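This is work-v1.txt. It holds compact mmCIF, C-alpha atoms and all ligand atoms.
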```
# COMPACT_ATOMS: atom_id res chain seq x y z
CA MET A 29 -70.89 13.63 -19.06
CA SER A 30 -68.63 16.29 -20.41
CA ALA A 31 -69.32 17.33 -23.94
CA PHE A 32 -65.63 17.24 -24.82
CA TYR A 33 -63.07 14.47 -24.45
CA HIS A 34 -60.35 14.89 -21.86
CA SER A 35 -57.67 12.27 -21.36
CA ASN A 36 -57.21 10.71 -17.95
CA GLN A 37 -53.51 11.42 -17.45
CA ARG A 38 -54.00 11.10 -13.72
CA ARG A 39 -54.47 7.32 -14.08
CA LEU A 40 -50.73 7.13 -14.93
CA ARG A 41 -49.89 9.21 -11.86
CA SER A 42 -52.14 7.43 -9.42
CA SER A 43 -49.61 5.16 -7.61
CA THR A 44 -45.86 4.69 -7.21
CA HIS A 45 -46.16 1.41 -9.14
CA ILE A 46 -47.65 2.91 -12.24
CA ARG A 47 -45.38 5.98 -12.04
CA GLU A 48 -42.37 3.65 -11.98
CA LEU A 49 -43.71 1.71 -14.95
CA ALA A 50 -44.43 4.85 -16.90
CA ALA A 51 -40.99 6.43 -16.37
CA SER A 52 -39.37 7.46 -19.65
CA VAL A 53 -35.85 7.89 -18.20
CA GLN A 54 -33.78 6.18 -15.52
CA LEU A 55 -30.78 7.35 -13.55
CA ASN A 56 -27.83 5.00 -13.22
CA TYR A 57 -25.11 5.80 -10.68
CA LYS A 58 -22.61 4.05 -12.96
CA GLN A 59 -22.81 7.02 -15.33
CA PHE A 60 -21.75 9.59 -12.72
CA ILE A 61 -18.35 11.26 -12.41
CA GLN A 62 -17.10 12.87 -9.19
CA PRO A 63 -14.76 15.90 -9.45
CA LEU A 64 -11.77 16.03 -7.07
CA PHE A 65 -9.54 18.98 -6.24
CA VAL A 66 -6.00 18.19 -5.16
CA ASP A 67 -4.06 21.20 -3.95
CA GLU A 68 -0.30 21.28 -3.60
CA SER A 69 -0.30 24.19 -1.15
CA ILE A 70 -2.24 22.53 1.68
CA THR A 71 -1.13 20.02 4.30
CA LYS A 72 -4.51 18.57 5.25
CA GLN A 73 -7.94 18.14 3.70
CA THR A 74 -9.55 21.60 3.68
CA PRO A 75 -13.22 22.47 3.08
CA ILE A 76 -13.88 24.77 0.11
CA SER A 77 -15.91 27.50 1.77
CA THR A 78 -17.95 28.34 -1.34
CA LEU A 79 -18.67 24.72 -2.31
CA SER A 80 -20.61 22.96 0.44
CA GLU A 81 -19.37 19.53 1.51
CA ILE A 82 -16.53 19.62 -1.06
CA ASN A 83 -12.89 19.68 0.00
CA SER A 84 -9.52 20.50 -1.39
CA ASP A 85 -7.39 17.42 -0.87
CA THR A 86 -3.75 16.69 -0.34
CA VAL A 87 -2.45 13.68 -2.25
CA GLN A 88 -2.87 11.56 0.89
CA SER A 89 -6.39 12.78 1.69
CA ALA A 90 -7.41 12.32 -1.97
CA LEU A 91 -6.49 8.65 -1.69
CA LYS A 92 -8.65 8.35 1.45
CA GLN A 93 -11.50 10.19 -0.25
CA ILE A 94 -11.35 7.86 -3.24
CA GLU A 95 -11.38 4.84 -0.94
CA ALA A 96 -14.53 6.18 0.75
CA ASP A 97 -16.12 7.04 -2.60
CA LEU A 98 -15.48 3.55 -3.95
CA LYS A 99 -17.46 2.17 -1.00
CA LYS A 100 -20.33 4.47 -1.97
CA GLY A 101 -20.31 3.16 -5.53
CA ILE A 102 -18.39 5.93 -7.26
CA SER A 103 -15.41 4.83 -9.33
CA LYS A 104 -15.05 7.57 -11.96
CA PHE A 105 -13.25 10.78 -11.09
CA LEU A 106 -12.44 14.07 -12.76
CA LEU A 107 -9.23 15.36 -11.32
CA PHE A 108 -8.30 19.02 -10.92
CA PRO A 109 -4.71 19.46 -9.78
CA VAL A 110 -4.00 22.84 -8.18
CA PRO A 111 -0.26 23.56 -8.31
CA GLU A 112 1.35 25.81 -5.73
CA LYS A 113 3.45 27.77 -8.21
CA LYS A 114 1.83 30.02 -10.82
CA THR A 115 3.87 31.23 -13.80
CA GLU A 116 3.36 32.47 -17.35
CA ASN A 117 5.48 29.87 -19.08
CA ASN A 118 7.61 26.80 -18.39
CA PHE A 119 4.88 25.12 -16.38
CA ASP A 120 5.78 22.36 -13.97
CA TYR A 121 3.32 19.45 -14.17
CA SER A 122 5.08 17.20 -11.67
CA PHE A 123 2.43 17.62 -8.97
CA ALA A 124 -0.39 16.56 -11.31
CA VAL A 125 1.71 13.69 -12.64
CA ASN A 126 2.43 12.50 -9.11
CA ILE A 127 -1.23 12.50 -8.01
CA ILE A 128 -2.30 10.39 -10.97
CA HIS A 129 0.60 8.08 -10.44
CA GLN A 130 -0.33 7.63 -6.75
CA ILE A 131 -4.02 7.10 -7.48
CA LYS A 132 -3.36 4.48 -10.15
CA LYS A 133 -0.68 2.81 -8.04
CA THR A 134 -3.12 2.54 -5.12
CA PHE A 135 -6.36 1.66 -6.91
CA GLY A 136 -5.30 0.37 -10.35
CA ASN A 137 -8.18 -0.30 -12.68
CA SER A 138 -10.82 -0.20 -9.95
CA VAL A 139 -10.92 3.55 -10.62
CA TRP A 140 -11.20 5.53 -13.85
CA VAL A 141 -9.39 8.84 -13.74
CA ALA A 142 -10.06 11.65 -16.16
CA ALA A 143 -7.52 14.46 -15.84
CA ASP A 144 -8.63 18.00 -16.55
CA VAL A 145 -6.27 19.62 -19.02
CA CYS A 146 -6.15 23.40 -18.83
CA LEU A 147 -3.61 26.03 -17.89
CA CYS A 148 -5.83 28.28 -15.76
CA ALA A 149 -4.67 26.79 -12.45
CA TYR A 150 -1.04 27.17 -13.61
CA THR A 151 -0.96 30.69 -15.01
CA SER A 152 -0.34 33.78 -12.87
CA HIS A 153 -3.01 35.63 -14.92
CA GLY A 154 -5.58 32.80 -14.58
CA HIS A 155 -6.21 32.39 -18.31
CA CYS A 156 -6.57 28.94 -19.83
CA GLY A 157 -3.68 29.46 -22.26
CA ILE A 158 -0.50 31.39 -22.98
CA LEU A 159 -0.72 35.16 -23.55
CA ASN A 160 0.99 37.34 -26.16
CA ALA A 161 3.60 39.91 -25.10
CA ALA A 162 1.01 42.68 -24.74
CA LYS A 163 -1.00 40.36 -22.47
CA ASP A 164 -4.19 41.16 -24.27
CA LYS A 165 -4.70 37.94 -26.27
CA VAL A 166 -4.66 34.23 -25.52
CA LEU A 167 -2.45 32.62 -28.16
CA ASN A 168 -4.15 29.62 -29.73
CA ASP A 169 -1.39 27.52 -31.23
CA ALA A 170 1.20 28.08 -28.51
CA SER A 171 -1.44 27.10 -25.96
CA VAL A 172 -2.43 23.98 -27.88
CA LYS A 173 1.18 22.86 -28.07
CA GLU A 174 1.57 23.28 -24.32
CA LEU A 175 -1.73 21.54 -23.55
CA ALA A 176 -0.80 18.57 -25.74
CA ASN A 177 2.51 18.27 -23.91
CA TYR A 178 0.67 18.36 -20.56
CA ALA A 179 -1.83 15.75 -21.78
CA LEU A 180 0.99 13.41 -22.76
CA GLN A 181 2.55 13.68 -19.29
CA LEU A 182 -0.80 12.89 -17.68
CA ALA A 183 -1.26 9.86 -19.94
CA GLN A 184 2.26 8.68 -19.09
CA ALA A 185 1.33 8.98 -15.41
CA GLY A 186 -1.61 6.62 -15.98
CA ALA A 187 -4.65 8.84 -16.66
CA ASP A 188 -7.46 6.85 -18.26
CA CYS A 189 -8.93 9.90 -19.93
CA ILE A 190 -7.79 13.38 -20.89
CA ALA A 191 -10.38 16.11 -20.41
CA PRO A 192 -9.35 19.38 -22.09
CA SER A 193 -11.36 22.32 -20.71
CA ASP A 194 -9.32 25.17 -22.23
CA MET A 195 -11.49 25.77 -25.34
CA MET A 196 -8.64 26.48 -27.77
CA ASP A 197 -9.15 25.51 -31.41
CA GLY A 198 -7.53 22.28 -32.58
CA ARG A 199 -6.54 20.93 -29.20
CA ILE A 200 -8.46 17.67 -29.54
CA GLY A 201 -6.65 16.75 -32.76
CA ALA A 202 -3.29 17.77 -31.31
CA ILE A 203 -3.86 15.74 -28.14
CA ARG A 204 -5.12 12.70 -30.07
CA ASN A 205 -2.01 12.83 -32.27
CA ILE A 206 0.50 13.14 -29.47
CA LEU A 207 -1.20 10.35 -27.49
CA ASN A 208 -1.24 8.01 -30.48
CA GLU A 209 2.34 8.81 -31.48
CA ASN A 210 3.44 7.76 -28.00
CA GLY A 211 1.43 4.56 -27.79
CA PHE A 212 -1.47 5.87 -25.71
CA ASP A 213 -4.19 5.02 -28.19
CA ASP A 214 -6.28 3.51 -25.35
CA VAL A 215 -6.41 6.78 -23.43
CA SER A 216 -9.73 8.44 -24.20
CA ILE A 217 -10.51 12.12 -24.66
CA MET A 218 -13.52 13.78 -23.06
CA SER A 219 -13.78 17.19 -24.66
CA TYR A 220 -15.38 20.13 -22.93
CA SER A 221 -16.71 20.90 -26.38
CA ALA A 222 -19.73 23.09 -25.58
CA LYS A 223 -18.29 25.06 -22.71
CA PHE A 224 -19.91 28.42 -22.22
CA SER A 225 -18.50 31.58 -20.69
CA SER A 226 -20.52 31.50 -17.47
CA GLN A 227 -21.19 33.02 -14.09
CA PHE A 228 -21.64 29.55 -12.65
CA TYR A 229 -17.91 28.73 -12.41
CA GLY A 230 -17.40 31.06 -9.44
CA PRO A 231 -16.94 28.53 -6.62
CA PHE A 232 -14.67 26.39 -8.82
CA ARG A 233 -12.36 29.33 -9.42
CA ASP A 234 -12.10 29.82 -5.66
CA ALA A 235 -11.08 26.19 -5.31
CA CYS A 236 -8.51 26.31 -8.12
CA LYS A 237 -7.43 29.91 -7.54
CA SER A 238 -7.94 30.32 -11.26
CA ALA A 239 -10.09 33.43 -11.77
CA PRO A 240 -8.84 35.32 -14.83
CA GLY A 241 -7.70 38.88 -14.69
CA GLY A 242 -4.63 39.57 -12.54
CA ASN A 243 -1.49 40.79 -14.26
CA CYS A 244 -2.95 40.97 -17.79
CA ASN A 245 -5.25 43.00 -20.01
CA ILE A 246 -8.11 40.54 -20.53
CA HIS A 247 -10.47 40.06 -17.65
CA ASN A 248 -12.85 37.36 -18.84
CA ARG A 249 -12.83 34.21 -20.96
CA LYS A 250 -15.18 35.41 -23.68
CA THR A 251 -12.58 35.17 -26.46
CA TYR A 252 -12.27 31.42 -26.03
CA GLN A 253 -15.37 30.10 -24.23
CA ALA A 254 -18.68 29.97 -26.13
CA SER A 255 -21.26 32.72 -25.81
CA ALA A 256 -24.66 32.03 -24.23
CA PHE A 257 -26.08 33.93 -27.19
CA ASN A 258 -24.60 31.58 -29.77
CA LYS A 259 -25.99 28.08 -29.74
CA LYS A 260 -24.65 27.31 -33.23
CA ASP A 261 -21.07 27.80 -32.02
CA ALA A 262 -21.61 25.13 -29.35
CA ILE A 263 -23.00 22.69 -31.93
CA VAL A 264 -20.26 23.35 -34.51
CA SER A 265 -17.49 23.14 -31.87
CA THR A 266 -18.82 19.82 -30.60
CA ILE A 267 -19.10 18.24 -34.04
CA ARG A 268 -15.63 19.51 -34.89
CA ASP A 269 -14.21 17.99 -31.68
CA ILE A 270 -15.79 14.63 -32.53
CA ASN A 271 -14.20 14.82 -35.97
CA GLU A 272 -10.83 15.57 -34.36
CA GLY A 273 -11.11 12.46 -32.19
CA ALA A 274 -13.10 13.26 -29.03
CA ASP A 275 -14.56 10.06 -27.58
CA ILE A 276 -16.95 11.84 -25.21
CA VAL A 277 -18.21 15.41 -25.57
CA MET A 278 -19.67 17.72 -22.95
CA VAL A 279 -22.08 20.54 -22.34
CA LYS A 280 -21.18 22.84 -19.48
CA PRO A 281 -22.86 24.37 -17.47
CA ALA A 282 -25.76 21.94 -17.66
CA LEU A 283 -29.15 23.32 -16.75
CA PRO A 284 -28.93 26.76 -18.42
CA TYR A 285 -27.92 24.92 -21.63
CA LEU A 286 -30.45 22.08 -21.61
CA ASP A 287 -31.50 23.06 -25.14
CA VAL A 288 -27.92 22.46 -26.31
CA ILE A 289 -27.89 19.04 -24.62
CA GLN A 290 -31.15 18.13 -26.31
CA ASP A 291 -29.98 19.32 -29.70
CA LEU A 292 -26.65 17.51 -29.52
CA HIS A 293 -28.38 14.33 -28.37
CA THR A 294 -30.23 14.19 -31.68
CA LYS A 295 -27.19 15.16 -33.78
CA ILE A 296 -24.25 13.10 -32.47
CA GLU A 297 -23.38 9.46 -32.00
CA VAL A 298 -20.84 9.65 -29.17
CA PRO A 299 -21.55 9.69 -25.42
CA LEU A 300 -22.66 13.08 -24.18
CA ALA A 301 -21.72 14.39 -20.72
CA ALA A 302 -23.45 17.19 -18.84
CA TYR A 303 -21.43 19.02 -16.20
CA HIS A 304 -23.61 20.41 -13.42
CA VAL A 305 -20.98 22.97 -12.45
CA SER A 306 -19.94 24.44 -9.13
CA GLY A 307 -22.31 27.43 -9.11
CA GLU A 308 -25.25 25.30 -10.18
CA TYR A 309 -24.46 22.78 -7.43
CA GLN A 310 -24.02 25.48 -4.84
CA SER A 311 -27.31 27.16 -5.68
CA ILE A 312 -29.04 23.90 -4.69
CA GLU A 313 -26.92 23.60 -1.56
CA LEU A 314 -27.78 27.12 -0.42
CA LEU A 315 -31.50 26.58 -0.93
CA ALA A 316 -31.25 23.33 1.02
CA GLN A 317 -29.33 25.01 3.82
CA ASN A 318 -32.15 27.52 3.95
CA ASN A 319 -34.59 24.60 4.30
CA SER A 320 -36.36 25.80 1.18
CA ILE A 321 -35.81 22.52 -0.67
CA GLU A 322 -34.74 18.94 0.05
CA ARG A 323 -31.18 18.57 -1.12
CA ASP A 324 -31.19 14.98 -2.37
CA LYS A 325 -34.51 15.30 -4.19
CA ALA A 326 -33.47 18.58 -5.80
CA HIS A 327 -30.24 17.10 -7.18
CA ILE A 328 -32.15 14.04 -8.41
CA GLU A 329 -34.70 16.29 -10.13
CA ILE A 330 -31.96 18.15 -12.00
CA TRP A 331 -30.11 14.96 -12.93
CA THR A 332 -33.39 13.59 -14.30
CA ALA A 333 -33.81 16.73 -16.41
CA LEU A 334 -30.30 16.21 -17.83
CA LYS A 335 -31.19 12.59 -18.69
CA ARG A 336 -34.47 13.64 -20.32
CA GLY A 337 -32.52 16.18 -22.31
CA GLY A 338 -30.28 13.39 -23.60
CA ALA A 339 -27.15 13.40 -21.43
CA ASP A 340 -25.57 9.99 -20.96
CA ILE A 341 -22.95 10.96 -18.37
CA ILE A 342 -23.47 13.34 -15.45
CA ILE A 343 -20.62 15.16 -13.74
CA SER A 344 -21.80 16.40 -10.35
CA TYR A 345 -20.21 17.46 -7.07
CA ALA A 346 -22.86 15.26 -5.41
CA ALA A 347 -21.99 12.22 -7.57
CA ARG A 348 -20.75 10.35 -4.51
CA HIS A 349 -24.35 10.29 -3.25
CA ALA A 350 -25.85 9.16 -6.55
CA LYS A 351 -26.14 5.46 -5.73
CA GLU A 352 -27.72 6.01 -2.33
CA TRP A 353 -30.10 8.73 -3.52
CA ILE A 354 -31.14 6.92 -6.70
CA GLU A 355 -31.89 3.73 -4.78
CA LYS A 356 -34.40 5.47 -2.55
CA VAL A 357 -35.82 7.84 -5.14
CA GLU A 358 -39.61 8.16 -5.20
CA TYR A 359 -41.12 8.32 -8.65
C1 LIG B 401 -10.97 25.28 -16.25
C2 LIG B 401 -12.29 24.78 -15.78
C3 LIG B 401 -13.36 25.50 -15.22
C4 LIG B 401 -14.28 24.55 -14.81
C5 LIG B 401 -13.79 23.31 -15.17
N1 LIG B 401 -12.55 23.46 -15.79
C6 LIG B 401 -13.56 26.94 -14.91
C7 LIG B 401 -13.35 27.99 -15.89
O1 LIG B 401 -13.36 27.78 -17.10
O2 LIG B 401 -13.14 29.11 -15.41
C8 LIG B 401 -15.56 24.86 -14.10
C9 LIG B 401 -16.16 23.77 -13.31
C10 LIG B 401 -17.13 24.19 -12.28
O3 LIG B 401 -17.49 25.38 -12.15
O4 LIG B 401 -17.59 23.30 -11.57
N2 LIG B 401 -10.92 25.89 -17.44
```

What does the file become when written as structure tokens?
Amino acid sequence: MSAFYHSNQRRLRSSTHIRELAASVQLNYKQFIQPLFVDESITKQTPISTLSEINSDTVQSALKQIEADLKKGISKFLLFPVPEKKTENNFDYSFAVNIIHQIKKTFGNSVWVAADVCLCAYTSHGHCGILNAAKDKVLNDASVKELANYALQLAQAGADCIAPSDMMDGRIGAIRNILNENGFDDVSIMSYSAKFSSQFYGPFRDACKSAPGGNCNIHNRKTYQASAFNKKDAIVSTIRDINEGADIVMVKPALPYLDVIQDLHTKIEVPLAAYHVSGEYQSIELLAQNNSIERDKAHIEIWTALKRGGADIIISYAARHAKEWIEKVEY
């Protein structure tokens, strides 16, 4: 017999039964949100070349996609409208308003629609807000005013949730106020509160034609998105957004910021969402296409990490597979 004690951890790993019993987290497909891109400039559903299996939809094809997704057990959507016209001011939100209207008219309360609120798909320079005359600064208060006006129109169209991803200061309070003043106190706000300036948004920006830089003098989003080097900013911003009225808060990207998820989980008392963003998703897809990993198991493994870290809600481009994959998952 060994002279020192060693625990028999392998007893808890020895069969599927005991591994299932010993699990400390569970995945539930009901807590998944599927992003959808609806693009005004296309006439039929079009694959996004840098985002495997994901399409840009027309309004009609989005309705078909949602119908198919409902059959697969997905009923929560995060909508990204991509307008045809890009300007610097006087934005026209009618396309976004129309999609929400059509979705809610067709599916009513069998779907939950969160509408992304940001200006990056609307602006000719690709920034998330309005620029000053020298085009070297994103103006905070003018942007917030515009975003609140957009949020109100989306709520009037029937959005269940407003999801501001712009990262201006004070937008949650401004949106909460304008919604309440107009009788939309039941419309929730999911704040992209800990959104980092990241490489991993690349494929998304292809889909939304929203990369920053053209026709202006600022070529990245570092003056409004959080820095990877500053965890405290992400924590303070999230707590502030909760105080301003955010119902759900978010960490984005997910896996590179698992420490932030874990920290927030212990600090806050509102639901926490983790957004496994386009570049994170695509890195899995490319490995799978290379036969280096099994796609479904790899996504499940990452989702499990997000749950262990303390995320309640998972936003994933593979959300529409969550029910099927979770049902057959091997512990
Ligand atoms: C818009 C926005 C972005 C994402 C969601 N909303 C990109 C960005 O900030 O450039 C990224 C989502 C993804 O990569 O999946 N502000």

- Interatomic distance, CA of Phe257 in chain A to CA of Asp169 in chain A (Å, one decimal):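 That distance, rounded to one decimal, is 25.8 Å.
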
- Task: Between CA of Ala142 in chain A and CA of His304 in chain A, measure the distance and give it in Å to one decimal.
- Result: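 CA of His304 in chain A lies at a distance of 16.4 Å from CA of Ala142 in chain A.
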
- Nearest-residue call for Asn83 in chain A, choices A:Tyr345, A:Tyr303, A:Phe32, A:Tyr150, using only C-alpha atoms: A:Tyr345

- Kindly provide, as a ChimeraX atom specification, all nucleotide and amino acid residues lying within 7 Å of ligand LIG 401 (chain B), counting all atoms listed in the file. /A:144,146,148,156,193-194,228-233,238-239,304-307

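Ranking A:Ala282, A:Ile76, A:Ala187, A:Leu182 by their shortest atom-to-atom distance to Lys237 in chain A, with only C-alpha atoms included, puts A:Ile76 first.
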
- Minimum-distance residue to Ile296 in chain A, chosen among A:Glu329, A:Asp67, A:Glu308, A:Asp340 (using only C-alpha atoms):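 Selected residue with least distance to Ile296 in chain A: A:Asp340.
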
- Out of A:Gly154, A:Gly101, A:Pro192, A:Pro63, which residue has the shortest atom-to-atom distance to Gly242 in chain A when counting all atoms listed in the file?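 So, comparing all the options, the nearest one is A:Gly154.
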
- Message: With distances taken over all atoms listed in the file, which residue among A:Cys189, A:Met278, A:Ile82, A:Leu286 lies nearest Ala256 in chain A?
- Response: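 Smallest separation from Ala256 in chain A among the options: A:Leu286.
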
- Hey, what's within 8 Å of range 104-108 of chain A if we count all atoms listed in the file and toss same-chain stuff fewer than 5 positions away? As a ChimeraX atom specification, please? /A:60-66,139-144,236

- Message: Within 12 Å of (-12.7, 7.6, -0.4) in the file's own coordinates, which protein, DNA or RNA residues have an atom, counting only C-alpha atoms? List them as a ChimeraX atom specification.
- Response: /A:62,64,85,88-105,131,134-135,139,348

Could you save the residues just selected, with C-alpha atoms, as a short mmCIF file (atom, residue, chain, number, x, y, z; two decimals), keeping the file's coordinate frame?
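Listed below is the output, again20.cif:
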```
data_model
loop_
_atom_site.label_atom_id
_atom_site.label_comp_id
_atom_site.auth_asym_id
_atom_site.auth_seq_id
_atom_site.Cartn_x
_atom_site.Cartn_y
_atom_site.Cartn_z
CA GLN A 62 -17.10 12.87 -9.19
CA LEU A 64 -11.77 16.03 -7.07
CA ASP A 85 -7.39 17.42 -0.87
CA GLN A 88 -2.87 11.56 0.89
CA SER A 89 -6.39 12.78 1.69
CA ALA A 90 -7.41 12.32 -1.97
CA LEU A 91 -6.49 8.65 -1.69
CA LYS A 92 -8.65 8.35 1.45
CA GLN A 93 -11.50 10.19 -0.25
CA ILE A 94 -11.35 7.86 -3.24
CA GLU A 95 -11.38 4.84 -0.94
CA ALA A 96 -14.53 6.18 0.75
CA ASP A 97 -16.12 7.04 -2.60
CA LEU A 98 -15.48 3.55 -3.95
CA LYS A 99 -17.46 2.17 -1.00
CA LYS A 100 -20.33 4.47 -1.97
CA GLY A 101 -20.31 3.16 -5.53
CA ILE A 102 -18.39 5.93 -7.26
CA SER A 103 -15.41 4.83 -9.33
CA LYS A 104 -15.05 7.57 -11.96
CA PHE A 105 -13.25 10.78 -11.09
CA ILE A 131 -4.02 7.10 -7.48
CA THR A 134 -3.12 2.54 -5.12
CA PHE A 135 -6.36 1.66 -6.91
CA VAL A 139 -10.92 3.55 -10.62
CA ARG A 348 -20.75 10.35 -4.51
#
```

- Contacts of Gly241 in chain A at 7 Å (all atoms listed in the file; same-chain gap of 3+ positions) as a list of chain:residue names: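 So the residues in contact are A:His153, A:Gly154, A:Cys244, A:Ile246, A:His247, A:Asn248.
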
Residues from last step as file, C-alpha atoms, as a PDB file, in the frame of the given file:
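Result file result.pdb:
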```pdb
ATOM      1  CA  HIS A 153      -3.010  35.630 -14.920  1.00  0.00           C
ATOM      2  CA  GLY A 154      -5.580  32.800 -14.580  1.00  0.00           C
ATOM      3  CA  CYS A 244      -2.950  40.970 -17.790  1.00  0.00           C
ATOM      4  CA  ILE A 246      -8.110  40.540 -20.530  1.00  0.00           C
ATOM      5  CA  HIS A 247     -10.470  40.060 -17.650  1.00  0.00           C
ATOM      6  CA  ASN A 248     -12.850  37.360 -18.840  1.00  0.00           C
TER       7      ASN A 248
END
```

- Item | Selection near range 208-219 of chain A, 6 Å with all atoms listed in the file, sequence-local residues under 4 positions removed, as a ChimeraX atom specification | /A:188-192,274-277

Excluding same-chain residues fewer than 6 positions from Gly273 in chain A, what lies within 7 Å of it counting all atoms listed in the file, as a JSON list (two decimals) with C-alpha atoms, keeping the file's coordinate frame?
```json
[["chain", "number", "residue", "atom", "x", "y", "z"],
["A", 200, "ILE", "CA", -8.46, 17.67, -29.54],
["A", 201, "GLY", "CA", -6.65, 16.75, -32.76],
["A", 204, "ARG", "CA", -5.12, 12.70, -30.07]]
```

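Among the candidate residues A:Ile343, A:Leu180, A:Ala161, A:Val288, the one lying nearest to Val125 in chain A is A:Leu180, with distances computed using all atoms listed in the file.
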
Excluding same-chain residues fewer than 3 positions from Leu314 in chain A, what lies within 10 Å of it counting all atoms listed in the file, as a compact mmCIF listing (two decimals) with C-alpha atoms, in the frame of the given file?
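Just written: part.txt:
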```txt
# COMPACT_ATOMS: atom_id res chain seq x y z
CA THR A 78 -17.95 28.34 -1.34
CA LEU A 79 -18.67 24.72 -2.31
CA SER A 80 -20.61 22.96 0.44
CA TYR A 309 -24.46 22.78 -7.43
CA GLN A 310 -24.02 25.48 -4.84
CA SER A 311 -27.31 27.16 -5.68
CA GLN A 317 -29.33 25.01 3.82
CA ASN A 318 -32.15 27.52 3.95
CA ASN A 319 -34.59 24.60 4.30
CA SER A 320 -36.36 25.80 1.18
CA ILE A 321 -35.81 22.52 -0.67
CA ARG A 323 -31.18 18.57 -1.12
```

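Note that CA of Pro281 in chain A and CA of Ser265 in chain A are 15.4 Å apart.
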
Can you fill out range 240-251 of chain A with N, CA and C atoms and hand it back as an mmCIF file, keeping the file's coordinate frame?
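The file below, result_22.cif, is the result:
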```cif
data_model
loop_
_atom_site.group_PDB
_atom_site.id
_atom_site.type_symbol
_atom_site.label_atom_id
_atom_site.label_comp_id
_atom_site.auth_asym_id
_atom_site.auth_seq_id
_atom_site.Cartn_x
_atom_site.Cartn_y
_atom_site.Cartn_z
ATOM 1 N N PRO A 240 -9.674 34.580 -13.898
ATOM 2 C CA PRO A 240 -8.840 35.320 -14.830
ATOM 3 C C PRO A 240 -8.770 36.794 -14.464
ATOM 4 N N GLY A 241 -7.688 37.439 -14.824
ATOM 5 C CA GLY A 241 -7.700 38.880 -14.690
ATOM 6 C C GLY A 241 -6.444 39.521 -14.140
ATOM 7 N N GLY A 242 -5.805 38.920 -13.134
ATOM 8 C CA GLY A 242 -4.630 39.570 -12.540
ATOM 9 C C GLY A 242 -3.486 39.654 -13.529
ATOM 10 N N ASN A 243 -2.741 40.706 -13.504
ATOM 11 C CA ASN A 243 -1.490 40.790 -14.260
ATOM 12 C C ASN A 243 -1.658 40.547 -15.764
ATOM 13 N N CYS A 244 -2.759 41.070 -16.345
ATOM 14 C CA CYS A 244 -2.950 40.970 -17.790
ATOM 15 C C CYS A 244 -4.046 41.937 -18.213
ATOM 16 N N ASN A 245 -4.261 42.021 -19.516
ATOM 17 C CA ASN A 245 -5.250 43.000 -20.010
ATOM 18 C C ASN A 245 -6.535 42.374 -20.556
ATOM 19 N N ILE A 246 -6.819 41.141 -20.166
ATOM 20 C CA ILE A 246 -8.110 40.540 -20.530
ATOM 21 C C ILE A 246 -8.700 39.981 -19.240
ATOM 22 N N HIS A 247 -9.932 40.371 -18.977
ATOM 23 C CA HIS A 247 -10.470 40.060 -17.650
ATOM 24 C C HIS A 247 -11.628 39.064 -17.665
ATOM 25 N N ASN A 248 -11.853 38.439 -18.796
ATOM 26 C CA ASN A 248 -12.850 37.360 -18.840
ATOM 27 C C ASN A 248 -12.412 36.355 -19.907
ATOM 28 N N ARG A 249 -13.203 35.290 -20.044
ATOM 29 C CA ARG A 249 -12.830 34.210 -20.960
ATOM 30 C C ARG A 249 -13.659 34.220 -22.248
ATOM 31 N N LYS A 250 -14.246 35.365 -22.552
ATOM 32 C CA LYS A 250 -15.180 35.410 -23.680
ATOM 33 C C LYS A 250 -14.524 35.183 -25.042
ATOM 34 N N THR A 251 -13.198 35.398 -25.143
ATOM 35 C CA THR A 251 -12.580 35.170 -26.460
ATOM 36 C C THR A 251 -12.250 33.701 -26.719
#
```
